[in-house]
Amino acid sequence: MRNKIFCLFFFVPFVLLSQISITGKIIDESSNEPLPFATVKADDLSYALTSSTGEFVIRCDSYPIKLTVSYVGYLTKTFSIKSKDVVKIEVKLTPQPLDLEPIKLDIAGSIATNIIKEAINRKKQNNPKKSLKNYSYKSYNKFKITEDNQARFDTPDTTKVDMERLFNEAHSFLSEKVSLHQFKKGQGEKETVLATQMTGFKEPIYNVLGIKIQSNSLYEEDYTIFNNKYAGPLSRRAIKNYYYKVLDTTQGKRPAYVVLFQPRRSKKIASLEGVLYLDMKTLAIQKAVAELRGELNVMVTHDFKYFEEEQKWFPSGQEVTIRPGIGKQKVSLFGGQISVGRLGGDKKSFTGNNDFLVSKTDIFDVNLNDKTNLKLKQASIEINPEATSRPQSYWEQYRTSAITEKDLKSFPIVDSIVKAQNIERRINVIQSFNIGYYPVSFFDFDLTYPIKYNNFEGLRLGLGGVTNNKLSKRFRLEGYLVYGFRDGRFKHGLGGGVLLNKKSGTWLNVNYKNDLSEVGSFFYLTDRRVYSLFEPRLVNIDFYYKYRSWSTSLQHQILPNLLSETQFSTSEIEQTGGYTYLNNGQSFSSYKLAESTIALRWSPFSKFLKTPDGMKEIYDGYPKISAQYTQGFKGIYDSNFSYSKIGIKAEYVINRLNQSSTSFLLEGDIASGDVPLTHLYHAYPNAPTKETVLQRFSVAGRRSFETMFFNEFFSDRLATLQVRHRLRPFRIASWLKPELVLISRYAIGDVSNLDGHQGIEFNSLQQGYQESGFELNKLFAGFGLSFAYRYGAYHLPEFSDNLSFKFTFYLKL
């Protein structure tokens, strides 16, 4: 049912431009072997390339159809198709001697490999982003999700359209976009969306505009299709990842080599196959076609135009087509996932006319070495305030791909479906749910409050949330009320905020809370909200302190990738256990604190989309660095202690083309002055104090030390390092792909005033703590298993006390 809700937005019917599709196979006349990547052209300028098995699909406008088939080393064949009854054809080509121009390269090896090696060496001078100081251009993009087997409706009244009919018959989504692209060396590239419209929606779904459908360059190390990365055919490791073969040469003013590339290590490295048209003089790309076949059938094309004055090939257009494949690969779109493999008609044959997704971009108004005015660290994509209200005259001015009358009819049809099925509401629910909220009118209920459990409060039930833009875009109100059944107490919080500057996302907030907090916990104000259906570590915590706090804070986005928050707060602290803090001869079990905090979060390699509602992170770049400084003031609002706290955290993730990844989490914390235990640091322990391993069996946390017992260590100086290496998934069945993750965690720390903390016994970490283990994740419904072992200086005498055995839970919504 969830998949249907995700899909509903996209799959709404409109009638497509009618075309004739001819399928066929090209083979060697003498051996009957298929000829991969042969060229098939029609007299109406349509063209296609055969697959690795020699098969092709070509679409033409009308009969009779004149086709020309060519392949390097074979005689070209031309013939006509007059009958509408022809469904599939077989073309046999006759071999002829190969006649290529000599290639003068001083690299040992095959001709094709030599060409590719030299093309890689010349990337810096051929890649516009490396060879040009700046440039600008405009683009028109048409994006549609559709099937050729189309559904037809006799009336636009769709209030009674059956849900299953929407999913099982042909469905479509159509959007258009006009953009200005600007590039400046050292500053990067920026896209300004000048106009955008989507079927069924007055306001765009901004997630659409942030999706990287396909890379706009073939010179990069990786090639991206819908946020999935593949080895680039001209990357530094290209010779290791691909086989190459010269298929043909083109004639004309700028002749080119036609070079086939095919995967060497397709089982280990995500790869494509296709052809590159490389300029004979410069070895720059003139044209490229690449395919991916299997769970998804994908074809991408890139066209380039030669600029005589600059002597550069620059992109003129690109297209990606995705059809259902033989499996159930999912494409991540619009906050959900669409299973491409389950859609369409005949999944056993790639030749079926069931295009699923098509995105076509035309590039025009190109200005090379144009002095573009780009500000430092702008958002990668920005929406023009008038983008959603452009008149049809504006669209007609920029449309390079004609939109048909039937295309335009899709807008009212989809409008009626969106309204009848309340799709905008469903999309809002999906996107809010992914970050932990459920919207109801002007209020977003916070899903972290309804139900929790821990060893101190027992069952904790409550409600909470925050107002949204339907109430006001200038201010917000928030609050919560919860009840713990074991401690028999209500906890609550109230607050609000005022938007001071919409452009920089500056909010002034005021909050009051009466609640519990874990002893030794430390949180960064600027850490983004991460919602999980289940927070495993909270279940085992039993050492809390009570607090009542009043705070005011200022949130400000200095740059798209630099977020800041400053806060001043006063708190009244009470203990839930027998802890007391001995300071200057005076014993404190309750005390007051006054603190000021400044926090920064820097994501230098992330990319952002600037919308009328603020900034959205559209690409998760690493490293991510958080820093926070807190100063406690004695005497202000009767505060009892003076101290300072500094925390720095860096997160780095390496994602590889073989679907493995390695992540590093490094954190250092220092506290000095008169700091009670409640405000010291722990290393996120997650081992309950129980006698046997099975009694300690629970759920592993995301960043916790699984063999470290609760309340075993506290520090005023602490450094931790966590390394996780995830191997590529093991494919046991289409529904069972477990992941093995190797984990090592390290911690070292110390505490200055051990005798000042009374009523609790704990150790320092000055000798260094170590644990290693592994997780076997995604065995069933998001659940897996975790094993960890404690060793080194803090190894315990009993073997079982050093061992952790737990569930893991990773569920991707």
# chains A, B, ... in the order shown; residues from 1 in each chain; ligands from 1
$ residues_around --residues "Tyr71 (chain A)" --least-positions-apart "6" --cutoff "12 Å" --atoms "only C-alpha atoms" --output "PyMOL selection string"
chain A and resi 26-28+34-41+49-50+54+77+91-98+246-250+258-260
$ residues_around --residues "region 562-573 of chain A" --least-positions-apart "5" --cutoff "9 Å" --atoms "only C-alpha atoms" --output "PyMOL selection string"
chain A and resi 525-526+545-557+589-604+636-637+639+678
$ write_last_selection --atoms "C-alpha atoms" --output "tab-separated table (two decimals), in the first residue's frame"
chain	number	residue	atom	x	y	z
A	525	LEU	CA	22.34	22.49	18.40
A	526	THR	CA	22.90	22.47	14.63
A	545	TYR	CA	18.43	14.16	35.81
A	546	LYS	CA	15.42	16.47	36.02
A	547	TYR	CA	15.60	19.95	34.60
A	548	ARG	CA	13.52	23.06	34.10
A	549	SER	CA	15.00	25.36	31.49
A	550	TRP	CA	14.24	28.65	29.80
A	551	SER	CA	16.09	29.40	26.57
A	552	THR	CA	16.22	31.84	23.69
A	553	SER	CA	18.08	31.06	20.49
A	554	LEU	CA	18.90	32.56	17.11
A	555	GLN	CA	19.13	30.25	14.07
A	556	HIS	CA	20.93	31.72	11.08
A	557	GLN	CA	22.13	30.25	7.77
A	589	SER	CA	22.40	17.67	44.68
A	590	SER	CA	20.44	20.44	42.98
A	591	TYR	CA	21.82	23.56	41.37
A	592	LYS	CA	21.22	26.31	38.81
A	593	LEU	CA	23.08	26.87	35.58
A	594	ALA	CA	23.28	29.77	33.14
A	595	GLU	CA	24.83	29.00	29.77
A	596	SER	CA	25.51	30.64	26.43
A	597	THR	CA	26.22	28.43	23.41
A	598	ILE	CA	27.33	28.97	19.84
A	599	ALA	CA	27.18	26.11	17.35
A	600	LEU	CA	28.22	25.76	13.71
A	601	ARG	CA	27.60	23.05	11.14
A	602	TRP	CA	29.68	23.09	7.96
A	603	SER	CA	28.97	20.89	4.92
A	604	PRO	CA	31.51	22.16	2.37
A	636	ILE	CA	23.99	35.10	36.59
A	637	TYR	CA	20.39	34.24	37.55
A	639	SER	CA	23.90	30.17	38.66
A	678	THR	CA	25.26	15.76	34.60
$ residues_around --residues "Leu803 (chain A)" --least-positions-apart "3" --cutoff "9 Å" --atoms "only C-alpha atoms" --output "ChimeraX atom specification"
/A:693,706-707,787-790,799-800
$ closest_residue --among "A:Glu761, A:Asp669, A:Asp674, A:Asp446" --to "Ile748 (chain A)" --atoms "only C-alpha atoms"
A:Asp669
$ residues_around --residues "Lys88 (chain A)" --least-positions-apart "5" --cutoff "8 Å" --atoms "only C-alpha atoms" --output "PDB file with N, CA and C atoms, in the first residue's frame"
ATOM      1  N   ILE A  22       9.619  -0.080 -34.525  1.00  0.00           N
ATOM      2  CA  ILE A  22      10.141  -1.245 -35.232  1.00  0.00           C
ATOM      3  C   ILE A  22      11.221  -1.875 -34.365  1.00  0.00           C
ATOM      4  N   THR A  23      11.105  -3.159 -34.103  1.00  0.00           N
ATOM      5  CA  THR A  23      12.122  -3.874 -33.326  1.00  0.00           C
ATOM      6  C   THR A  23      12.836  -4.856 -34.238  1.00  0.00           C
ATOM      7  N   GLY A  24      14.068  -5.172 -33.898  1.00  0.00           N
ATOM      8  CA  GLY A  24      14.801  -6.093 -34.745  1.00  0.00           C
ATOM      9  C   GLY A  24      16.114  -6.531 -34.146  1.00  0.00           C
TER      10      GLY A  24
END
$ atom_distance --atom1 "CA of Leu657 (chain A)" --atom2 "CA of Ala270 (chain A)"
5.4 Å
